[in-house]
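Content type mmCIF, C-alpha atoms, from the file final_25.cif:
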```cif
data_my_file
loop_
_atom_site.label_atom_id
_atom_site.label_comp_id
_atom_site.auth_asym_id
_atom_site.auth_seq_id
_atom_site.Cartn_x
_atom_site.Cartn_y
_atom_site.Cartn_z
CA MET A 1 -41.15 12.51 -5.29
CA ALA A 2 -40.53 9.96 -8.03
CA PRO A 3 -39.35 11.19 -11.44
CA THR A 4 -42.22 11.61 -13.90
CA ARG A 5 -42.30 9.85 -17.25
CA SER A 6 -41.30 13.07 -19.01
CA LEU A 7 -38.32 13.50 -16.70
CA LYS A 8 -37.24 9.94 -17.42
CA LEU A 9 -37.42 10.68 -21.13
CA LEU A 10 -35.37 13.82 -20.58
CA LEU A 11 -32.71 11.87 -18.70
CA VAL A 12 -32.56 9.25 -21.42
CA ALA A 13 -32.25 11.86 -24.15
CA ALA A 14 -29.60 13.90 -22.40
CA ALA A 15 -27.50 10.94 -21.30
CA THR A 16 -27.80 9.16 -24.65
CA THR A 17 -26.61 12.26 -26.48
CA ALA A 18 -23.67 12.57 -24.11
CA LEU A 19 -22.65 8.98 -24.81
CA LYS A 20 -22.23 9.52 -28.54
CA PRO A 21 -18.64 10.45 -29.51
CA THR A 22 -19.97 12.27 -32.57
CA LYS A 23 -21.79 14.71 -30.26
CA LEU A 24 -18.74 15.67 -28.20
CA PRO A 25 -19.07 19.47 -28.68
CA THR A 26 -22.61 19.41 -27.26
CA ILE A 27 -21.81 17.60 -24.01
CA GLN A 28 -21.59 20.79 -21.95
CA LYS A 29 -24.86 22.10 -23.38
CA GLN A 30 -26.63 18.83 -22.65
CA ALA A 31 -25.39 18.80 -19.05
CA LYS A 32 -26.55 22.38 -18.47
CA ALA A 33 -29.88 21.62 -20.10
CA LEU A 34 -30.30 18.61 -17.85
CA GLY A 35 -29.58 20.66 -14.75
CA ALA A 36 -31.94 23.43 -15.85
CA ALA A 37 -34.71 20.98 -16.63
CA LEU A 38 -34.38 19.33 -13.24
CA ALA A 39 -34.62 22.73 -11.61
CA ALA A 40 -37.68 23.59 -13.68
CA VAL A 41 -39.62 20.60 -12.39
CA GLY A 42 -38.53 21.24 -8.82
CA LEU A 43 -36.25 18.24 -8.47
CA THR A 44 -32.93 19.91 -7.87
CA LEU A 45 -31.25 18.89 -4.67
CA ALA A 46 -32.13 21.16 -1.80
CA PRO A 47 -29.70 21.44 1.12
CA LEU A 48 -30.51 19.01 3.89
CA ALA A 49 -32.22 20.42 6.96
CA GLY A 50 -29.79 21.17 9.74
CA VAL A 51 -26.71 20.67 7.55
CA ALA A 52 -24.55 22.78 9.84
CA GLU A 53 -25.19 20.42 12.76
CA GLU A 54 -24.99 17.11 10.89
CA THR A 55 -21.85 15.07 10.42
CA SER A 56 -20.99 11.83 8.67
CA ALA A 57 -17.96 9.58 8.64
CA GLY A 58 -18.09 9.41 4.81
CA PHE A 59 -20.02 8.40 1.71
CA GLU A 60 -20.53 4.78 2.77
CA GLU A 61 -22.01 5.56 6.19
CA PHE A 62 -24.12 8.39 4.75
CA ALA A 63 -25.62 6.13 2.07
CA ALA A 64 -26.13 3.25 4.51
CA LYS A 65 -28.22 5.53 6.72
CA GLY A 66 -30.43 6.45 3.79
CA GLY A 67 -28.83 9.78 2.95
CA THR A 68 -29.06 11.14 -0.59
CA MET A 69 -25.95 12.73 -2.05
CA GLU A 70 -26.01 16.28 -3.39
CA ALA A 71 -24.80 16.93 -6.93
CA ARG A 72 -24.06 19.94 -9.11
CA PRO A 73 -24.72 18.63 -12.64
CA GLU A 74 -23.03 21.59 -14.33
CA CYS A 75 -19.82 20.93 -12.35
CA PHE A 76 -19.12 17.72 -14.26
CA PHE A 77 -18.87 19.64 -17.53
CA ASP A 78 -17.91 23.19 -16.59
CA GLU A 79 -15.27 22.46 -13.95
CA CYS A 80 -14.26 18.94 -14.98
CA GLY A 81 -15.04 19.26 -18.68
CA ASP A 82 -11.88 17.71 -20.08
CA GLN A 83 -12.09 14.72 -17.77
CA SER A 84 -15.80 14.20 -18.49
CA LYS A 85 -15.28 14.38 -22.25
CA ALA A 86 -12.46 11.84 -22.06
CA CYS A 87 -14.50 9.45 -19.92
CA PHE A 88 -17.95 9.88 -21.41
CA THR A 89 -16.78 9.10 -24.93
CA ASN A 90 -15.18 5.85 -23.76
CA PRO A 91 -17.66 2.97 -23.19
CA SER A 92 -15.46 1.21 -20.65
CA CYS A 93 -14.90 4.38 -18.60
CA LEU A 94 -18.62 5.11 -18.61
CA LYS A 95 -19.30 1.55 -17.50
CA GLY A 96 -16.93 2.21 -14.62
CA VAL A 97 -18.86 5.36 -13.68
CA THR A 98 -22.20 3.54 -13.64
CA CYS A 99 -20.68 0.60 -11.79
CA LEU A 100 -19.43 2.89 -9.01
CA GLY A 101 -22.79 4.65 -8.85
CA ASN A 102 -24.46 1.31 -8.18
CA CYS A 103 -22.03 0.57 -5.33
CA ARG A 104 -23.33 3.58 -3.33
CA GLY A 105 -19.99 4.03 -1.58
CA GLU A 106 -19.47 0.38 -0.57
CA GLN A 107 -15.72 -0.17 -0.83
CA GLU A 108 -15.49 -3.87 -1.69
CA CYS A 109 -17.96 -3.34 -4.52
CA ALA A 110 -15.96 -0.32 -5.74
CA THR A 111 -12.71 -2.32 -5.75
CA ARG A 112 -14.28 -4.82 -8.13
CA CYS A 113 -15.52 -2.02 -10.38
CA PHE A 114 -11.99 -0.65 -10.61
CA ALA A 115 -10.51 -4.08 -11.25
CA ARG A 116 -12.75 -4.53 -14.26
CA PHE A 117 -13.19 -1.01 -15.65
CA GLY A 118 -10.29 0.95 -14.14
CA SER A 119 -8.26 3.29 -16.33
CA GLU A 120 -6.42 6.59 -16.13
CA LYS A 121 -9.48 8.24 -17.67
CA LEU A 122 -11.67 6.98 -14.84
CA ASN A 123 -9.06 7.91 -12.22
CA ASP A 124 -8.80 11.45 -13.61
CA TRP A 125 -12.58 11.85 -13.71
CA LEU A 126 -13.02 10.70 -10.11
CA SER A 127 -10.13 12.82 -8.86
CA CYS A 128 -11.60 15.95 -10.42
CA THR A 129 -15.30 15.41 -9.70
CA LEU A 130 -15.08 13.98 -6.18
CA GLU A 131 -11.94 15.48 -4.64
CA GLU A 132 -10.84 18.56 -6.50
CA LYS A 133 -14.13 20.21 -7.52
CA LYS A 134 -16.56 18.26 -5.29
CA CYS A 135 -19.29 17.85 -7.89
CA VAL A 136 -20.91 15.28 -5.57
CA VAL A 137 -21.00 15.69 -1.79
CA THR A 138 -22.95 14.39 1.19
CA GLY A 139 -23.95 17.92 2.18
CA VAL A 140 -22.74 17.29 5.73
CA LYS A 141 -19.35 17.62 7.34
CA GLN A 142 -17.10 14.57 7.35
CA ASP A 143 -15.97 13.83 10.91
CA THR A 144 -13.84 10.78 11.73
CA SER A 145 -12.38 12.03 15.04
CA ALA A 146 -14.33 9.51 17.15
CA PHE A 147 -13.08 6.68 14.95
CA TYR A 148 -9.43 7.51 15.76
CA ALA A 149 -9.98 8.18 19.46
CA THR A 150 -9.17 4.59 20.46
CA ALA A 151 -6.16 2.77 19.04
CA PRO A 152 -4.06 -0.31 19.78
CA GLN A 153 -0.82 0.11 21.70
CA ARG A 154 2.13 0.43 19.31
CA LEU A 155 5.60 -0.95 19.93
CA SER A 156 7.75 1.89 21.22
CA ASN A 157 11.07 0.49 20.00
CA PHE A 158 10.28 -0.52 16.40
CA ASP A 159 12.80 0.73 13.82
CA ARG A 160 11.21 1.30 10.40
CA LYS A 161 14.46 0.22 8.71
CA ALA A 162 13.40 -3.29 9.65
CA LEU A 163 10.67 -2.99 7.02
CA GLU A 164 13.08 -2.58 4.10
CA GLY A 165 12.88 -5.19 1.39
CA LYS A 166 10.23 -7.65 0.25
CA TRP A 167 7.48 -9.00 2.51
CA TRP A 168 4.50 -11.28 1.93
CA LYS A 169 1.20 -10.34 3.47
CA VAL A 170 0.02 -13.74 4.76
CA ARG A 171 -2.87 -13.01 7.16
CA GLY A 172 -5.57 -10.32 7.04
CA TYR A 173 -8.22 -9.20 9.53
CA ASN A 174 -10.69 -7.27 7.41
CA ALA A 175 -12.12 -9.33 4.55
CA LYS A 176 -13.02 -6.19 2.59
CA TYR A 177 -9.44 -4.90 2.40
CA ASP A 178 -6.87 -7.38 3.67
CA CYS A 179 -7.61 -10.76 2.08
CA PHE A 180 -7.02 -10.33 -1.65
CA PRO A 181 -4.73 -13.01 -3.14
CA CYS A 182 -1.04 -12.78 -3.93
CA GLN A 183 -0.03 -9.79 -1.81
CA VAL A 184 3.59 -8.69 -2.06
CA ASN A 185 4.81 -5.45 -0.42
CA THR A 186 8.28 -4.05 -1.13
CA PHE A 187 9.61 -1.26 1.11
CA SER A 188 12.40 1.15 0.20
CA THR A 189 13.84 4.29 1.79
CA ALA A 190 12.27 7.62 0.80
CA PRO A 191 12.60 11.21 2.10
CA ASN A 192 11.17 11.47 5.63
CA GLY A 193 10.05 7.85 5.58
CA MET A 194 9.60 4.94 3.23
CA ARG A 195 7.90 3.94 0.00
CA ASN A 196 5.80 0.79 -0.21
CA ASP A 197 5.20 -0.78 -3.63
CA ILE A 198 2.13 -3.01 -3.34
CA GLU A 199 0.97 -5.84 -5.56
CA PHE A 200 -2.27 -7.76 -5.13
CA ARG A 201 -4.84 -9.59 -7.23
CA VAL A 202 -8.62 -9.46 -7.51
CA PRO A 203 -10.27 -12.73 -8.58
CA LYS A 204 -12.28 -12.65 -11.79
CA PRO A 205 -15.78 -14.17 -11.74
CA ASP A 206 -16.40 -17.88 -12.29
CA ASN A 207 -12.78 -18.89 -11.58
CA GLY A 208 -11.70 -16.95 -14.63
CA GLY A 209 -8.28 -15.91 -13.34
CA TYR A 210 -7.15 -12.68 -11.71
CA TRP A 211 -6.74 -8.97 -12.25
CA GLN A 212 -3.25 -7.83 -11.19
CA ASN A 213 -3.24 -4.54 -9.25
CA ARG A 214 -0.38 -2.24 -8.24
CA LEU A 215 -0.24 0.88 -6.12
CA GLU A 216 2.20 2.90 -4.06
CA GLU A 217 2.08 4.14 -0.47
CA VAL A 218 4.26 6.69 1.29
CA ILE A 219 5.06 6.00 4.96
CA ILE A 220 5.99 9.05 7.05
CA ASP A 221 7.45 9.26 10.55
CA GLU A 222 4.42 10.96 12.05
CA ARG A 223 2.35 9.76 15.00
CA GLY A 224 -0.96 11.02 13.66
CA PRO A 225 -3.32 13.62 15.16
CA GLN A 226 -3.72 11.59 18.38
CA GLY A 227 -0.01 10.87 18.72
CA LYS A 228 -0.69 7.12 18.99
CA ALA A 229 0.40 5.76 15.61
CA SER A 230 3.72 4.27 14.55
CA TYR A 231 3.49 5.95 11.15
CA THR A 232 1.18 7.96 8.94
CA VAL A 233 0.59 6.34 5.56
CA GLY A 234 -0.92 7.92 2.47
CA GLY A 235 -1.37 7.46 -1.22
CA LYS A 236 -3.77 7.56 -4.10
CA MET A 237 -5.80 4.58 -5.23
CA TYR A 238 -8.09 4.73 -8.26
CA GLY A 239 -7.85 8.51 -8.39
CA LEU A 240 -8.83 9.05 -4.73
CA GLU A 241 -6.58 9.85 -1.80
CA PHE A 242 -6.43 7.69 1.30
CA ARG A 243 -4.86 8.30 4.71
CA GLU A 244 -3.99 5.68 7.28
CA GLN A 245 -2.50 5.41 10.75
CA TRP A 246 -0.34 2.31 11.16
CA TYR A 247 0.26 0.74 14.57
CA ILE A 248 3.11 -1.79 14.71
CA VAL A 249 1.80 -4.10 17.44
CA GLY A 250 4.24 -7.02 17.09
CA ALA A 251 7.53 -7.67 15.32
CA ASP A 252 10.88 -9.41 15.22
CA SER A 253 13.26 -10.18 12.36
CA SER A 254 10.83 -12.71 10.84
CA PHE A 255 7.43 -10.99 11.05
CA VAL A 256 5.68 -7.64 11.43
CA LEU A 257 2.09 -7.36 12.66
CA VAL A 258 0.34 -4.14 11.68
CA ALA A 259 -3.02 -2.81 12.86
CA TYR A 260 -4.37 0.21 11.00
CA LYS A 261 -7.12 2.79 10.87
CA GLY A 262 -7.74 4.83 7.74
CA ASP A 263 -10.22 7.00 5.91
CA THR A 264 -11.15 8.32 2.50
CA GLN A 265 -14.17 10.28 1.33
CA GLN A 266 -15.89 6.88 1.27
CA GLY A 267 -15.50 6.76 5.05
CA PRO A 268 -13.28 5.22 7.75
CA TYR A 269 -12.02 1.67 7.77
CA GLU A 270 -9.74 -0.49 9.90
CA GLY A 271 -8.05 -3.85 9.93
CA ALA A 272 -4.77 -5.62 10.49
CA PHE A 273 -2.34 -7.81 8.59
CA LEU A 274 0.72 -9.95 9.13
CA TYR A 275 3.92 -9.68 7.11
CA THR A 276 6.46 -12.51 6.82
CA ARG A 277 9.58 -12.72 4.69
CA ASN A 278 8.44 -15.93 2.98
CA LYS A 279 4.87 -16.73 2.04
CA ASP A 280 4.71 -20.01 3.97
CA ASP A 281 6.52 -18.91 7.15
CA TYR A 282 3.39 -18.60 9.30
CA ASP A 283 2.27 -22.12 8.39
CA THR A 284 5.66 -23.84 8.70
CA ASN A 285 7.34 -21.95 11.56
CA SER A 286 5.57 -22.74 14.84
CA GLY A 287 7.74 -20.33 16.81
CA LEU A 288 6.87 -17.43 14.53
CA ARG A 289 3.20 -18.38 14.62
CA SER A 290 3.14 -18.45 18.43
CA LYS A 291 4.76 -15.02 18.72
CA ALA A 292 2.52 -13.47 16.05
CA ASP A 293 -0.63 -14.90 17.62
CA ALA A 294 0.42 -13.66 21.07
CA ALA A 295 1.02 -10.17 19.69
CA ALA A 296 -2.38 -10.21 18.01
CA LYS A 297 -4.16 -11.18 21.23
CA LYS A 298 -2.32 -8.48 23.17
CA ALA A 299 -3.59 -5.94 20.61
CA GLY A 300 -7.17 -7.20 21.00
CA LEU A 301 -7.15 -9.17 17.73
CA GLU A 302 -8.35 -12.77 17.73
CA PRO A 303 -5.92 -14.92 15.65
CA SER A 304 -8.70 -17.25 14.50
CA GLN A 305 -10.47 -14.29 12.89
CA PHE A 306 -7.61 -13.60 10.48
CA CYS A 307 -8.03 -14.88 6.93
CA ALA A 308 -5.29 -16.96 5.34
CA ILE A 309 -4.25 -15.06 2.22
CA ASP A 310 -3.91 -17.21 -0.90
CA ASN A 311 -0.35 -16.56 -2.07
CA ALA A 312 -0.11 -19.41 -4.57
CA CYS A 313 0.14 -16.76 -7.29
CA PRO A 314 -0.42 -18.85 -10.45
CA THR A 315 1.21 -17.43 -13.56
CA THR A 316 -1.67 -18.24 -15.91
CA GLY A 317 -4.98 -16.40 -16.21
CA VAL A 318 -3.53 -13.11 -14.93
CA THR A 319 -4.22 -9.79 -16.65
CA GLN A 320 -3.52 -6.22 -15.57
CA ALA A 321 -6.41 -4.61 -13.71
CA GLY A 322 -8.58 -2.27 -15.71
CA ALA A 323 -9.85 -2.26 -19.23
CA SER A 324 -7.42 -3.55 -21.85
CA LYS A 325 -7.59 -2.50 -25.50
CA ASP A 326 -9.33 -5.78 -26.21
CA ASP A 327 -11.88 -5.05 -23.46
CA LEU A 328 -12.49 -1.59 -24.87
CA SER A 329 -13.37 -3.01 -28.26
CA LYS A 330 -15.86 -5.45 -26.70
CA GLU A 331 -17.54 -3.20 -24.13
CA LYS A 332 -20.99 -2.04 -25.13
CA LEU A 333 -23.32 0.37 -23.42
CA GLU A 334 -26.85 -0.77 -22.59
CA TRP A 335 -30.06 1.11 -21.81
CA ALA A 336 -29.62 0.29 -18.13
CA ASP A 337 -26.36 2.27 -18.18
CA VAL A 338 -28.23 5.38 -19.26
CA PHE A 339 -30.45 5.30 -16.20
CA ASP A 340 -27.54 4.39 -13.92
CA LEU A 341 -25.63 7.39 -15.24
CA ALA A 342 -28.46 9.65 -14.12
CA GLU A 343 -27.70 8.66 -10.52
CA TRP A 344 -24.56 10.81 -10.63
CA PHE A 345 -26.41 13.93 -11.77
CA ARG A 346 -29.50 13.48 -9.67
CA PRO A 347 -28.68 11.14 -6.72
CA GLY A 348 -31.70 9.15 -5.60
CA THR A 349 -33.10 8.78 -9.11
CA THR A 350 -32.69 5.00 -9.06
CA ALA A 351 -33.12 2.59 -6.19
CA LYS A 352 -30.09 0.73 -4.90
CA LYS A 353 -29.88 -2.79 -6.29
CA ALA A 354 -29.50 -5.19 -3.38
CA ASP A 355 -27.98 -7.89 -5.58
CA PHE A 356 -25.72 -5.65 -7.69
CA ASP A 357 -22.56 -7.46 -8.82
CA PRO A 358 -19.86 -5.57 -10.82
CA ASN A 359 -18.78 -8.85 -12.38
CA LYS A 360 -22.16 -9.27 -14.05
CA MET A 361 -22.38 -5.90 -15.77
#
```
Entire entry expressed as structure tokens:
Amino acid sequence: MAPTRSLKLLLVAAATTALKPTKLPTIQKQAKALGAALAAVGLTLAPLAGVAEETSAGFEEFAAKGGTMEARPECFFDECGDQSKACFTNPSCLKGVTCLGNCRGEQECATRCFARFGSEKLNDWLSCTLEEKKCVVTGVKQDTSAFYATAPQRLSNFDRKALEGKWWKVRGYNAKYDCFPCQVNTFSTAPNGMRNDIEFRVPKPDNGGYWQNRLEEVIIDERGPQGKASYTVGGKMYGLEFREQWYIVGADSSFVLVAYKGDTQQGPYEGAFLYTRNKDDYDTNSGLRSKADAAAKKAGLEPSQFCAIDNACPTTGVTQAGASKDDLSKEKLEWADVFDLAEWFRPGTTAKKADFDPNKM
């Protein structure tokens, strides 16, 4: 049932009040009033039929199949009150929230939202509302076991010490995750494994330069639940945890070829990438290229399907990912943001925009 005109007015009033810093003490009351009003008109989210029997691989698959998320509006302000206050009184953070709502779980879209609007405030809000307190859920059990059932054959004799130091990621197999420009990974020894400091860039729209991103992974000597992986890898990106199984499928002193499978609450994902010590080694060293391509084919990966990562890394036009102080002063909320915000409290309120582009918000 579509929201009535009065409900739309209620959503506008409640969300608009929440956006005003001068009304900070009333945020919790407004959220509770919104939830109560939705219940009064019979639009609260009822549990899905057959929830106990249904499973989903994650948010992205659930949304792609037409599922509507379940939300507890009061959770955002009762259980994650501090995080919501900090975010909802910051125009850039709120823009990030509405941007992510428009992505409907699609990861490449979300990455661009974080590149433009990311901040510790947004990370904290997402961590609390999605992972810690689960203010928004699919309503069905997440099950990725089938996804991990098949895996490429790992090298049995690979020594992780060979990873230590700086590597360039020069080829990527999954365009959504592996092909961002200027990718440098630096490995160092850590308890029970290794630490990987990652740098990559996200292009700004209209050839406007790049957002520089950094994150950290921890690599542990564990074979994963199926016992097939070389290592288990984990970390936190944009406030949300991720888990991966790495399979070293080819290596010598000059290259390392990694296939991976991973998952977050968004859902499972997979890909592969090639490390070399120097960023032009794959293009200039025919011997290395032949060995890397042969290893890829043996692992069921077609070399021609890998992207060539742009590692030119220009020094101009580069800014740190997320909203700078200058961005914060320029960012303005629009009426469209008010309606997009409602999607978090009552999923399904607005239709997904087929042509949504985070860069054009």
Task: Test item: the PyMOL selection byres ((chain A and resi 235) around 9) resolved as a ChimeraX atom specification - done: /A:215-218,233-234,236-237,240-243
TODO: Provide the CA of Asn359 (chain A) to CA of Pro205 (chain A) distance in Å, to one decimal place.
DONE: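 Between CA of Asn359 (chain A) and CA of Pro205 (chain A) the gap works out to 6.1 Å.
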Please identify all polymer residues within 8 Å of Leu274 (chain A), counting all atoms listed in the file, omitting same-chain residues fewer than 2 positions from it, and present them as a CSV table (one decimal) with C-alpha atoms, in the coordinates of the input.
```csv
chain,number,residue,atom,x,y,z
A,169,LYS,CA,1.2,-10.3,3.5
A,170,VAL,CA,0.0,-13.7,4.8
A,171,ARG,CA,-2.9,-13.0,7.2
A,172,GLY,CA,-5.6,-10.3,7.0
A,255,PHE,CA,7.4,-11.0,11.0
A,256,VAL,CA,5.7,-7.6,11.4
A,257,LEU,CA,2.1,-7.4,12.7
A,258,VAL,CA,0.3,-4.1,11.7
A,272,ALA,CA,-4.8,-5.6,10.5
A,276,THR,CA,6.5,-12.5,6.8
A,292,ALA,CA,2.5,-13.5,16.0
```
Open item on the list: For this structure, which residues satisfy the selection - the PyMOL selection byres ((chain A and resi 153-158) around 12) - when it is evaluated on the file as given? I want them as a PyMOL selection string.
Closed with: chain A and resi 150-152+159-163+221+223+227-231+245-253+256-260+295-301
TODO: Report as a PyMOL selection string the full result of the PyMOL selection byres ((chain A and resi 314) around 12) when it is applied to this structure.
DONE: chain A and resi 181-182+201+203+209-212+310-313+315-319
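Of note, CA of Ala71 (chain A) and CA of Lys176 (chain A) are spaced 27.6 Å apart.
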